[in-house]
Structures are given as structure tokens and as C-alpha cells.
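First the structure, in the form of C-alpha cells, and then the observations on it.
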Amino acid sequence: MTGLWMRAVVLSVMSLSLSACGSLRAYDQAQLGSMPAHIHGDYRVSAGVPVKVLLRSVDDKPLRFWQSAAEVLDGEHRLLIDCEVTQGQHLSRHELKVSVAAGVTYRLRADATPQSGCTNVYMEETRL
């Protein structure tokens, strides 16, 4: 019984380390005149979540597997987003053109149902 329990703990730790948050810095540090804006999507590895809104790229710069967020300069940006609805196995890709303000944190959200998948993907200002 101890070996089975230990295996479960090791698998849990490995899953958490794979889903560790990371952010894409979508600007050159020399360009930073003020605080960046933060755009957060969902973690790629998550168990039991009915809807995942995954940030794929910002201004044609792809995020790596471990990255779920991006820091950007204020202004307009193009986001490529995947929306996955677990029940019904729907996966859709969305493009958003957004305008962000320096120092503000944003979260990607979706309107979704198991029958039709993601019908709308949007970004809202949030406090993390």
C-alpha cells in the first residue's frame, strides 16, 4: 500500500511541476517605459476543468508549453487563443484584437456549453 501511495505523490508533484506558471515577455526590455500589462490564460495541464482558455500566441510570438500568460506593453495586441470544452470534446481557435493598459492584469474567459463548445472568448480586467 505504501508503494501505491508514494507513486500517487510522485505523479502529483510531476503534474504540478509541468503546470508551473510562466509568462511570455512579448516586448524588448529596452522598450519598457512603464509597467507591462499582464494577460493570463488557463494552465495547459489541469484536471477536471470543464473549460480551458489557452493563450497560444501574442503578436505572432508563440507561448511555450509551460507558459500560460504574457506581459505586454500598453496598446493594441493580437492574441491567438484555443478554447477547449472537455465535455463534448470541443476545441476551437479564436483571434482577439485587444487594447490593454500598462500595469493592468487581464484574464481570458469564454462563454461555452458542452453542446456548442466556446461561443465567445473575451478578456476581462481582473485582480489576481
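Here, A, B, ... name the chains of the C-alpha cells in the order displayed, residue numbers run from 1 inside each chain, and ligands are numbered from 1 in the same displayed order.
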Residues of region 24-80 of chain A within 12 Å of region 120-126 of chain A: nearest atom pair and distance (Å, one decimal) for each, counting only C-alpha atoms, sorted by chain and number, as JSON lines?
{"residue": "A:Ala37", "atom": "CA", "partner": "A:Glu125", "partner_atom": "CA", "distance": 10.3}
{"residue": "A:His38", "atom": "CA", "partner": "A:Glu125", "partner_atom": "CA", "distance": 9.7}
{"residue": "A:Ile39", "atom": "CA", "partner": "A:Met123", "partner_atom": "CA", "distance": 8.3}
{"residue": "A:His40", "atom": "CA", "partner": "A:Met123", "partner_atom": "CA", "distance": 9.1}
{"residue": "A:Gly41", "atom": "CA", "partner": "A:Met123", "partner_atom": "CA", "distance": 9.4}
{"residue": "A:Val51", "atom": "CA", "partner": "A:Val121", "partner_atom": "CA", "distance": 11.2}
{"residue": "A:Lys52", "atom": "CA", "partner": "A:Val121", "partner_atom": "CA", "distance": 10.8}
{"residue": "A:Val53", "atom": "CA", "partner": "A:Val121", "partner_atom": "CA", "distance": 8.0}
{"residue": "A:Leu54", "atom": "CA", "partner": "A:Val121", "partner_atom": "CA", "distance": 10.4}
{"residue": "A:Leu55", "atom": "CA", "partner": "A:Met123", "partner_atom": "CA", "distance": 11.0}
{"residue": "A:Leu79", "atom": "CA", "partner": "A:Met123", "partner_atom": "CA", "distance": 10.2}
{"residue": "A:Leu80", "atom": "CA", "partner": "A:Val121", "partner_atom": "CA", "distance": 10.6}
field: Residues within 12 Å of Val100 (chain A), only C-alpha atoms, excluding chain neighbours under 3 positions, as a ChimeraX atom specification
entry: /A:35-39,70-79,97,103-107,123-125
